[in-house]
>>> print(open('run.cif').read())   # mmCIF, N, CA and C atoms
data_target
loop_
_atom_site.label_atom_id
_atom_site.label_comp_id
_atom_site.auth_asym_id
_atom_site.auth_seq_id
_atom_site.Cartn_x
_atom_site.Cartn_y
_atom_site.Cartn_z
N MET A 1 131.24 61.25 118.79
CA MET A 1 129.81 61.49 118.83
C MET A 1 129.10 60.18 118.49
N LYS A 2 128.18 59.82 119.35
CA LYS A 2 127.36 58.64 119.07
C LYS A 2 126.21 59.08 118.17
N GLU A 3 125.95 58.28 117.15
CA GLU A 3 124.87 58.65 116.25
C GLU A 3 124.00 57.45 115.92
N MET A 4 122.72 57.72 115.81
CA MET A 4 121.78 56.69 115.43
C MET A 4 120.67 57.36 114.62
N VAL A 5 120.64 57.06 113.35
CA VAL A 5 119.61 57.62 112.47
C VAL A 5 118.86 56.46 111.84
N GLN A 6 117.57 56.44 112.03
CA GLN A 6 116.73 55.42 111.43
C GLN A 6 116.16 55.96 110.13
N VAL A 7 116.25 55.16 109.11
CA VAL A 7 115.69 55.54 107.81
C VAL A 7 114.61 54.53 107.48
N LYS A 8 113.37 55.00 107.49
CA LYS A 8 112.24 54.13 107.19
C LYS A 8 111.58 54.61 105.89
N VAL A 9 112.28 54.31 104.82
CA VAL A 9 111.84 54.70 103.48
C VAL A 9 112.03 53.49 102.59
N ASP A 10 111.17 53.35 101.59
CA ASP A 10 111.27 52.24 100.65
C ASP A 10 112.66 52.22 100.01
N LYS A 11 113.26 51.04 99.91
CA LYS A 11 114.63 50.93 99.39
C LYS A 11 114.76 51.48 97.97
N SER A 12 113.71 51.43 97.21
CA SER A 12 113.77 51.96 95.84
C SER A 12 113.87 53.49 95.85
N GLU A 13 113.45 54.14 96.94
CA GLU A 13 113.49 55.60 97.03
C GLU A 13 114.77 56.11 97.69
N PHE A 14 115.36 55.33 98.58
CA PHE A 14 116.55 55.75 99.32
C PHE A 14 117.73 54.93 98.80
N ASN A 15 118.59 55.57 98.01
CA ASN A 15 119.71 54.85 97.42
C ASN A 15 121.04 55.28 98.02
N ASP A 16 122.14 54.84 97.40
CA ASP A 16 123.49 55.13 97.92
C ASP A 16 123.80 56.62 97.94
N ILE A 17 123.29 57.36 96.97
CA ILE A 17 123.55 58.81 96.91
C ILE A 17 122.91 59.51 98.10
N HIS A 18 121.68 59.11 98.44
CA HIS A 18 121.01 59.68 99.62
C HIS A 18 121.79 59.34 100.89
N GLU A 19 122.26 58.11 100.97
CA GLU A 19 123.00 57.68 102.15
C GLU A 19 124.31 58.46 102.29
N LYS A 20 125.01 58.70 101.18
CA LYS A 20 126.25 59.48 101.22
C LYS A 20 125.97 60.91 101.67
N LYS A 21 124.90 61.51 101.17
CA LYS A 21 124.54 62.88 101.55
C LYS A 21 124.22 62.93 103.05
N LEU A 22 123.47 61.97 103.54
CA LEU A 22 123.12 61.93 104.96
C LEU A 22 124.38 61.74 105.81
N ASN A 23 125.29 60.87 105.39
CA ASN A 23 126.54 60.67 106.13
C ASN A 23 127.40 61.92 106.13
N LEU A 24 127.39 62.67 105.04
CA LEU A 24 128.13 63.93 104.97
C LEU A 24 127.58 64.93 105.99
N VAL A 25 126.26 65.01 106.09
CA VAL A 25 125.63 65.91 107.07
C VAL A 25 126.03 65.50 108.48
N LEU A 26 125.98 64.22 108.77
CA LEU A 26 126.34 63.74 110.10
C LEU A 26 127.81 64.03 110.39
N TYR A 27 128.67 63.89 109.41
CA TYR A 27 130.09 64.19 109.58
C TYR A 27 130.30 65.67 109.88
N GLN A 28 129.63 66.55 109.11
CA GLN A 28 129.77 67.99 109.32
C GLN A 28 129.29 68.39 110.71
N VAL A 29 128.19 67.83 111.13
CA VAL A 29 127.67 68.13 112.47
C VAL A 29 128.64 67.61 113.53
N GLY A 30 129.20 66.44 113.32
CA GLY A 30 130.13 65.86 114.27
C GLY A 30 131.40 66.67 114.45
N LEU A 31 131.80 67.42 113.43
CA LEU A 31 132.98 68.26 113.53
C LEU A 31 132.76 69.47 114.44
N ILE A 32 131.53 69.91 114.57
CA ILE A 32 131.23 71.15 115.28
C ILE A 32 130.81 70.93 116.73
N VAL A 33 130.02 69.90 116.98
CA VAL A 33 129.47 69.70 118.33
C VAL A 33 130.52 69.06 119.25
N PRO A 34 130.35 69.19 120.58
CA PRO A 34 131.27 68.54 121.53
C PRO A 34 131.34 67.03 121.30
N LYS A 35 132.47 66.44 121.63
CA LYS A 35 132.71 65.02 121.32
C LYS A 35 131.80 64.06 122.05
N ASP A 36 131.30 64.43 123.22
CA ASP A 36 130.46 63.53 123.98
C ASP A 36 128.97 63.66 123.62
N SER A 37 128.68 64.24 122.48
CA SER A 37 127.29 64.45 122.05
C SER A 37 126.67 63.15 121.55
N LYS A 38 125.35 63.13 121.59
CA LYS A 38 124.60 61.99 121.06
C LYS A 38 123.61 62.51 120.03
N LEU A 39 123.61 61.90 118.88
CA LEU A 39 122.71 62.31 117.80
C LEU A 39 121.70 61.20 117.55
N GLN A 40 120.44 61.59 117.52
CA GLN A 40 119.37 60.66 117.17
C GLN A 40 118.56 61.30 116.07
N GLY A 41 118.08 60.49 115.18
CA GLY A 41 117.27 61.06 114.12
C GLY A 41 116.49 60.00 113.38
N TYR A 42 115.58 60.47 112.55
CA TYR A 42 114.84 59.55 111.70
C TYR A 42 114.45 60.25 110.41
N ILE A 43 114.29 59.45 109.41
CA ILE A 43 113.71 59.89 108.15
C ILE A 43 112.63 58.87 107.83
N PHE A 44 111.44 59.36 107.60
CA PHE A 44 110.28 58.51 107.41
C PHE A 44 109.59 58.98 106.13
N GLY A 45 109.14 58.05 105.32
CA GLY A 45 108.46 58.47 104.10
C GLY A 45 107.48 57.45 103.56
N ILE A 46 106.37 57.98 103.04
CA ILE A 46 105.36 57.16 102.39
C ILE A 46 104.84 57.93 101.18
N ASN A 47 104.77 57.26 100.05
CA ASN A 47 104.20 57.83 98.83
C ASN A 47 104.78 59.19 98.45
N GLY A 48 106.07 59.34 98.55
CA GLY A 48 106.70 60.58 98.13
C GLY A 48 106.58 61.73 99.11
N LYS A 49 106.08 61.48 100.30
CA LYS A 49 106.02 62.52 101.35
C LYS A 49 106.96 62.09 102.46
N TYR A 50 107.94 62.94 102.74
CA TYR A 50 108.98 62.58 103.70
C TYR A 50 109.01 63.57 104.85
N GLU A 51 109.39 63.06 105.99
CA GLU A 51 109.64 63.94 107.13
C GLU A 51 110.83 63.39 107.89
N GLY A 52 111.53 64.32 108.52
CA GLY A 52 112.72 63.92 109.25
C GLY A 52 112.92 64.77 110.49
N ARG A 53 113.75 64.25 111.36
CA ARG A 53 114.05 64.95 112.61
C ARG A 53 115.46 64.58 113.04
N ILE A 54 116.21 65.56 113.48
CA ILE A 54 117.53 65.34 114.06
C ILE A 54 117.52 65.96 115.45
N HIS A 55 117.95 65.19 116.44
CA HIS A 55 118.00 65.67 117.82
C HIS A 55 119.40 65.39 118.34
N ILE A 56 120.13 66.46 118.66
CA ILE A 56 121.49 66.34 119.17
C ILE A 56 121.49 66.73 120.63
N LYS A 57 121.90 65.80 121.48
CA LYS A 57 122.00 66.06 122.92
C LYS A 57 123.46 66.28 123.27
N THR A 58 123.75 67.43 123.88
CA THR A 58 125.11 67.73 124.31
C THR A 58 125.09 68.16 125.77
N ARG A 59 126.26 68.31 126.35
CA ARG A 59 126.33 68.75 127.75
C ARG A 59 125.92 70.21 127.88
N ILE A 60 125.92 70.96 126.79
CA ILE A 60 125.55 72.38 126.84
C ILE A 60 124.10 72.63 126.43
N GLY A 61 123.39 71.59 126.02
CA GLY A 61 122.01 71.77 125.62
C GLY A 61 121.65 70.83 124.48
N ALA A 62 120.52 71.10 123.89
CA ALA A 62 120.04 70.24 122.79
C ALA A 62 119.77 71.09 121.55
N PHE A 63 119.98 70.48 120.42
CA PHE A 63 119.67 71.10 119.14
C PHE A 63 118.70 70.18 118.41
N VAL A 64 117.60 70.73 117.92
CA VAL A 64 116.58 69.92 117.26
C VAL A 64 116.22 70.56 115.93
N ALA A 65 116.14 69.73 114.90
CA ALA A 65 115.71 70.19 113.59
C ALA A 65 114.65 69.23 113.06
N LYS A 66 113.55 69.80 112.56
CA LYS A 66 112.48 69.01 111.97
C LYS A 66 112.20 69.58 110.59
N ALA A 67 111.84 68.70 109.66
CA ALA A 67 111.52 69.18 108.31
C ALA A 67 110.61 68.18 107.60
N LYS A 68 109.89 68.69 106.60
CA LYS A 68 109.05 67.87 105.72
C LYS A 68 109.36 68.26 104.29
N SER A 69 109.25 67.28 103.40
CA SER A 69 109.53 67.57 101.99
C SER A 69 108.97 66.45 101.12
N ARG A 70 108.88 66.75 99.84
CA ARG A 70 108.48 65.73 98.87
C ARG A 70 109.69 65.12 98.18
N ASN A 71 110.89 65.56 98.55
CA ASN A 71 112.11 65.09 97.92
C ASN A 71 113.11 64.77 99.03
N LEU A 72 113.76 63.62 98.95
CA LEU A 72 114.70 63.23 99.99
C LEU A 72 115.91 64.16 100.07
N PHE A 73 116.42 64.59 98.91
CA PHE A 73 117.57 65.49 98.93
C PHE A 73 117.23 66.81 99.61
N SER A 74 116.07 67.36 99.30
CA SER A 74 115.70 68.63 99.93
C SER A 74 115.42 68.44 101.41
N LEU A 75 114.89 67.29 101.80
CA LEU A 75 114.66 67.01 103.22
C LEU A 75 115.99 66.98 103.97
N ILE A 76 116.97 66.27 103.43
CA ILE A 76 118.27 66.19 104.08
C ILE A 76 118.91 67.58 104.13
N ALA A 77 118.78 68.36 103.05
CA ALA A 77 119.35 69.71 103.01
C ALA A 77 118.68 70.62 104.04
N LYS A 78 117.36 70.50 104.20
CA LYS A 78 116.63 71.32 105.19
C LYS A 78 117.09 70.96 106.60
N LEU A 79 117.20 69.68 106.89
CA LEU A 79 117.66 69.26 108.22
C LEU A 79 119.07 69.77 108.48
N GLN A 80 119.93 69.65 107.49
CA GLN A 80 121.31 70.12 107.62
C GLN A 80 121.34 71.62 107.90
N SER A 81 120.61 72.38 107.13
CA SER A 81 120.60 73.83 107.28
C SER A 81 120.10 74.24 108.66
N LYS A 82 119.01 73.63 109.10
CA LYS A 82 118.42 74.01 110.38
C LYS A 82 119.33 73.69 111.56
N VAL A 83 119.90 72.50 111.58
CA VAL A 83 120.71 72.12 112.73
C VAL A 83 122.05 72.87 112.72
N LEU A 84 122.65 73.05 111.56
CA LEU A 84 123.92 73.79 111.51
C LEU A 84 123.72 75.25 111.88
N ARG A 85 122.60 75.85 111.50
CA ARG A 85 122.31 77.23 111.86
C ARG A 85 122.23 77.38 113.38
N GLN A 86 121.56 76.43 114.03
CA GLN A 86 121.45 76.48 115.50
C GLN A 86 122.83 76.36 116.16
N ILE A 87 123.64 75.45 115.66
CA ILE A 87 124.96 75.24 116.26
C ILE A 87 125.86 76.45 116.04
N VAL A 88 125.84 77.00 114.83
CA VAL A 88 126.66 78.18 114.53
C VAL A 88 126.21 79.36 115.38
N ASN A 89 124.92 79.56 115.53
CA ASN A 89 124.41 80.65 116.38
C ASN A 89 124.87 80.46 117.82
N TRP A 90 124.84 79.23 118.32
CA TRP A 90 125.29 78.97 119.68
C TRP A 90 126.77 79.29 119.81
N ARG A 91 127.58 78.87 118.83
CA ARG A 91 129.03 79.12 118.90
C ARG A 91 129.34 80.61 118.85
N GLU A 92 128.61 81.36 118.00
CA GLU A 92 128.83 82.80 117.92
C GLU A 92 128.45 83.49 119.22
N LYS A 93 127.35 83.06 119.81
CA LYS A 93 126.93 83.64 121.08
C LYS A 93 127.95 83.34 122.18
N ARG A 94 128.43 82.11 122.20
CA ARG A 94 129.43 81.72 123.20
C ARG A 94 130.72 82.53 123.02
N ALA A 95 131.16 82.71 121.78
CA ALA A 95 132.37 83.49 121.51
C ALA A 95 132.18 84.94 121.91
N SER A 96 130.99 85.48 121.68
CA SER A 96 130.70 86.86 122.05
C SER A 96 130.76 87.04 123.56
N ILE A 97 130.22 86.10 124.30
CA ILE A 97 130.24 86.17 125.77
C ILE A 97 131.68 86.09 126.27
N LYS A 98 132.47 85.19 125.70
CA LYS A 98 133.87 85.06 126.13
C LYS A 98 134.65 86.34 125.81
N ARG A 99 134.40 86.92 124.65
CA ARG A 99 135.07 88.17 124.27
C ARG A 99 134.72 89.28 125.25
N TYR A 100 133.45 89.38 125.63
CA TYR A 100 133.00 90.37 126.60
C TYR A 100 133.69 90.17 127.95
N GLN A 101 133.77 88.92 128.40
CA GLN A 101 134.40 88.64 129.69
C GLN A 101 135.89 88.96 129.67
N ARG A 102 136.58 88.69 128.56
CA ARG A 102 138.00 89.03 128.46
C ARG A 102 138.20 90.54 128.54
N ARG A 103 137.37 91.30 127.83
CA ARG A 103 137.49 92.76 127.85
C ARG A 103 137.21 93.30 129.24
N LYS A 104 136.21 92.77 129.89
CA LYS A 104 135.85 93.20 131.23
C LYS A 104 137.01 92.93 132.19
N HIS A 105 137.62 91.76 132.06
CA HIS A 105 138.75 91.39 132.91
C HIS A 105 139.94 92.31 132.64
N MET A 106 140.20 92.62 131.38
CA MET A 106 141.32 93.50 131.03
C MET A 106 141.11 94.90 131.58
N LEU A 107 139.88 95.38 131.52
CA LEU A 107 139.59 96.71 132.06
C LEU A 107 139.76 96.75 133.57
N ALA A 108 139.45 95.65 134.22
CA ALA A 108 139.61 95.60 135.68
C ALA A 108 141.08 95.60 136.07
N LEU A 109 141.96 95.12 135.19
CA LEU A 109 143.38 95.07 135.50
C LEU A 109 144.10 96.38 135.20
N LEU A 110 143.50 97.26 134.44
CA LEU A 110 144.15 98.54 134.11
C LEU A 110 144.24 99.41 135.36
N PRO A 111 145.36 100.11 135.51
CA PRO A 111 145.48 101.00 136.68
C PRO A 111 144.53 102.18 136.53
N SER A 112 144.00 102.61 137.64
CA SER A 112 143.09 103.75 137.59
C SER A 112 143.89 105.02 137.35
N PRO A 113 143.35 105.98 136.59
CA PRO A 113 144.07 107.20 136.31
C PRO A 113 144.25 108.03 137.59
N LYS A 114 145.45 108.60 137.74
CA LYS A 114 145.73 109.41 138.94
C LYS A 114 145.38 110.87 138.64
N GLU A 115 144.85 111.50 139.59
CA GLU A 115 144.45 112.90 139.44
C GLU A 115 145.49 113.85 139.89
#
>>> encode(input="run.cif", output="structure tokens")
Amino acid sequence: MKEMVQVKVDKSEFNDIHEKKLNLVLYQVGLIVPKDSKLQGYIFGINGKYEGRIHIKTRIGAFVAKAKSRNLFSLIAKLQSKVLRQIVNWREKRASIKRYQRRKHMLALLPSPKE
């Protein structure tokens, strides 16, 4: 997965702990989405007001998460929660459709009852 996240926050506000948390989120997302996905995002902040956006482009569609917060940790957590919820919902829906198609195919293969 190609990733590019711009962080435009004062260096005194964004430290190594924030960077590790952000990298953990990107790693978790990378484990779930298709390998050819592209992730773009930004975190922007002025005077203790932060906003962020994550946009993941995949061959099956796009996932977008936006959030605002007064705390960098809560901003990263909100972005993580929103994007992972979308991906998990997509995976569950896809699994449900595949399960339905398998059952339909199995029913079509059963011999019809003889009278």
>>> resolve_selection(input="run.cif", expression="the PyMOL selection byres (((chain A and resi 47-60 and name CA) around 8) and name CA)", output="list in words")
Val33, Pro34, Asp36, Ser37, Lys38, Leu39, Gln40, Gly41, Tyr42, Ile43, Phe44, Gly45, Ile46, Gly61, Ala62, Phe63, Val64, Ala65, Lys66, Ala67, Lys68, Ser69, Arg70, Asn71, Leu72, Leu75, Ile76, Leu79 and Val83 of chain A
>>> select_by_dssp(input="run.cif", residues="chain A", states="strand (DSSP E or B)", output="PyMOL selection string")
chain A and resi 2-8+38-46+49-58+61-69
>>> resolve_selection(input="run.cif", expression="the PyMOL selection byres (((chain A and resi 88-101 and name CA) around 12) and name CA)", output="ChimeraX atom specification")
/A:28-29,31-34,60-63,80-87,102-108
>>> atom_distance(input="run.cif", atom1="atom CA of Leu26 of chain A", atom2="atom CA of Ala77 of chain A")
11.6 Å
>>> decode(input="run.cif", residues="chain A", atoms="C-alpha atoms", output="mmCIF file, in the first residue's frame")
data_model
loop_
_atom_site.group_PDB
_atom_site.id
_atom_site.type_symbol
_atom_site.label_atom_id
_atom_site.label_comp_id
_atom_site.auth_asym_id
_atom_site.auth_seq_id
_atom_site.Cartn_x
_atom_site.Cartn_y
_atom_site.Cartn_z
ATOM 1 C CA MET A 1 0.000 0.000 0.000
ATOM 2 C CA LYS A 2 1.338 3.385 -0.961
ATOM 3 C CA GLU A 3 0.837 5.951 1.744
ATOM 4 C CA MET A 4 1.351 9.659 2.026
ATOM 5 C CA VAL A 5 0.226 11.554 5.094
ATOM 6 C CA GLN A 6 1.089 15.202 5.528
ATOM 7 C CA VAL A 7 1.311 16.506 9.053
ATOM 8 C CA LYS A 8 1.136 20.281 9.269
ATOM 9 C CA VAL A 9 1.278 20.829 13.002
ATOM 10 C CA ASP A 10 3.778 22.735 15.129
ATOM 11 C CA LYS A 11 6.683 20.433 16.052
ATOM 12 C CA SER A 12 6.186 21.181 19.736
ATOM 13 C CA GLU A 13 2.635 19.743 19.488
ATOM 14 C CA PHE A 14 3.369 16.666 17.343
ATOM 15 C CA ASN A 15 5.970 14.440 18.991
ATOM 16 C CA ASP A 16 7.291 10.878 18.611
ATOM 17 C CA ILE A 17 4.344 9.364 20.501
ATOM 18 C CA HIS A 18 1.868 10.947 18.074
ATOM 19 C CA GLU A 19 3.934 9.716 15.141
ATOM 20 C CA LYS A 20 4.009 6.147 16.521
ATOM 21 C CA LYS A 21 0.232 6.187 17.028
ATOM 22 C CA LEU A 22 -0.317 7.456 13.478
ATOM 23 C CA ASN A 23 2.040 4.797 12.066
ATOM 24 C CA LEU A 24 0.165 2.114 14.015
ATOM 25 C CA VAL A 25 -3.125 3.262 12.454
ATOM 26 C CA LEU A 26 -1.585 3.186 8.979
ATOM 27 C CA TYR A 27 -0.199 -0.300 9.633
ATOM 28 C CA GLN A 28 -3.587 -1.612 10.831
ATOM 29 C CA VAL A 29 -5.332 -0.162 7.791
ATOM 30 C CA GLY A 30 -2.654 -1.614 5.513
ATOM 31 C CA LEU A 31 -3.320 -5.109 6.855
ATOM 32 C CA ILE A 32 -6.993 -4.982 5.859
ATOM 33 C CA VAL A 33 -7.174 -3.152 2.524
ATOM 34 C CA PRO A 34 -6.070 -4.649 -0.839
ATOM 35 C CA LYS A 35 -2.327 -4.406 -1.497
ATOM 36 C CA ASP A 36 -2.608 -2.063 -4.475
ATOM 37 C CA SER A 37 -4.394 0.607 -2.408
ATOM 38 C CA LYS A 38 -3.237 4.192 -2.088
ATOM 39 C CA LEU A 39 -3.638 6.136 1.128
ATOM 40 C CA GLN A 40 -3.546 9.905 1.295
ATOM 41 C CA GLY A 41 -4.168 11.982 4.335
ATOM 42 C CA TYR A 42 -3.399 15.088 6.273
ATOM 43 C CA ILE A 43 -3.423 16.386 9.788
ATOM 44 C CA PHE A 44 -3.584 20.133 10.131
ATOM 45 C CA GLY A 45 -3.636 22.177 13.306
ATOM 46 C CA ILE A 46 -3.494 25.718 14.600
ATOM 47 C CA ASN A 47 -3.816 26.899 18.211
ATOM 48 C CA GLY A 48 -4.941 23.558 19.589
ATOM 49 C CA LYS A 49 -7.636 22.960 16.952
ATOM 50 C CA TYR A 50 -6.884 20.001 14.723
ATOM 51 C CA GLU A 51 -8.526 18.421 11.746
ATOM 52 C CA GLY A 52 -7.607 15.414 9.712
ATOM 53 C CA ARG A 53 -8.643 13.381 6.727
ATOM 54 C CA ILE A 54 -7.752 9.928 5.456
ATOM 55 C CA HIS A 55 -8.652 8.920 1.897
ATOM 56 C CA ILE A 56 -7.977 5.341 0.799
ATOM 57 C CA LYS A 57 -8.333 4.555 -2.903
ATOM 58 C CA THR A 58 -8.705 0.893 -3.797
ATOM 59 C CA ARG A 59 -9.803 -1.052 -6.861
ATOM 60 C CA ILE A 60 -13.101 -1.797 -5.093
ATOM 61 C CA GLY A 61 -13.876 1.790 -4.093
ATOM 62 C CA ALA A 62 -12.809 4.541 -1.756
ATOM 63 C CA PHE A 63 -12.920 4.936 1.995
ATOM 64 C CA VAL A 64 -12.859 8.435 3.484
ATOM 65 C CA ALA A 65 -12.672 9.534 7.105
ATOM 66 C CA LYS A 66 -12.732 13.132 8.347
ATOM 67 C CA ALA A 67 -12.500 14.355 11.924
ATOM 68 C CA LYS A 68 -11.897 17.431 14.075
ATOM 69 C CA SER A 69 -10.607 17.580 17.617
ATOM 70 C CA ARG A 70 -8.795 19.680 20.172
ATOM 71 C CA ASN A 71 -6.421 16.810 20.971
ATOM 72 C CA LEU A 72 -4.100 15.040 18.530
ATOM 73 C CA PHE A 73 -4.563 11.625 20.149
ATOM 74 C CA SER A 74 -8.338 11.837 19.947
ATOM 75 C CA LEU A 75 -8.106 13.075 16.345
ATOM 76 C CA ILE A 76 -5.985 10.081 15.345
ATOM 77 C CA ALA A 77 -8.329 7.738 17.261
ATOM 78 C CA LYS A 78 -11.405 9.229 15.530
ATOM 79 C CA LEU A 79 -9.828 8.827 12.092
ATOM 80 C CA GLN A 80 -8.828 5.262 12.924
ATOM 81 C CA SER A 81 -12.290 4.353 14.165
ATOM 82 C CA LYS A 82 -14.091 5.853 11.183
ATOM 83 C CA VAL A 83 -11.940 4.333 8.459
ATOM 84 C CA LEU A 84 -11.703 0.893 10.090
ATOM 85 C CA ARG A 85 -15.488 0.815 10.593
ATOM 86 C CA GLN A 86 -16.008 1.474 6.876
ATOM 87 C CA ILE A 87 -13.539 -1.230 5.865
ATOM 88 C CA VAL A 88 -14.960 -3.804 8.282
ATOM 89 C CA ASN A 89 -18.510 -3.067 7.089
ATOM 90 C CA TRP A 90 -17.381 -3.526 3.479
ATOM 91 C CA ARG A 91 -15.685 -6.846 4.310
ATOM 92 C CA GLU A 92 -18.754 -8.127 6.179
ATOM 93 C CA LYS A 93 -21.024 -7.161 3.300
ATOM 94 C CA ARG A 94 -18.706 -8.836 0.801
ATOM 95 C CA ALA A 95 -18.566 -12.025 2.908
ATOM 96 C CA SER A 96 -22.354 -12.030 3.203
ATOM 97 C CA ILE A 97 -22.776 -11.771 -0.579
ATOM 98 C CA LYS A 98 -20.280 -14.586 -1.161
ATOM 99 C CA ARG A 99 -22.037 -16.768 1.424
ATOM 100 C CA TYR A 100 -25.384 -16.135 -0.308
ATOM 101 C CA GLN A 101 -23.929 -17.016 -3.717
ATOM 102 C CA ARG A 102 -22.404 -20.269 -2.391
ATOM 103 C CA ARG A 103 -25.732 -21.329 -0.883
ATOM 104 C CA LYS A 104 -27.586 -20.456 -4.058
ATOM 105 C CA HIS A 105 -25.093 -22.475 -6.105
ATOM 106 C CA MET A 106 -25.372 -25.460 -3.740
ATOM 107 C CA LEU A 107 -29.159 -25.401 -3.953
ATOM 108 C CA ALA A 108 -28.971 -25.374 -7.739
ATOM 109 C CA LEU A 109 -26.803 -28.506 -7.650
ATOM 110 C CA LEU A 110 -29.174 -30.520 -5.437
ATOM 111 C CA PRO A 111 -31.279 -33.064 -7.303
ATOM 112 C CA SER A 112 -34.926 -32.206 -7.527
ATOM 113 C CA PRO A 113 -37.217 -34.410 -5.414
ATOM 114 C CA LYS A 114 -38.973 -37.156 -7.396
ATOM 115 C CA GLU A 115 -42.681 -37.558 -7.024
#
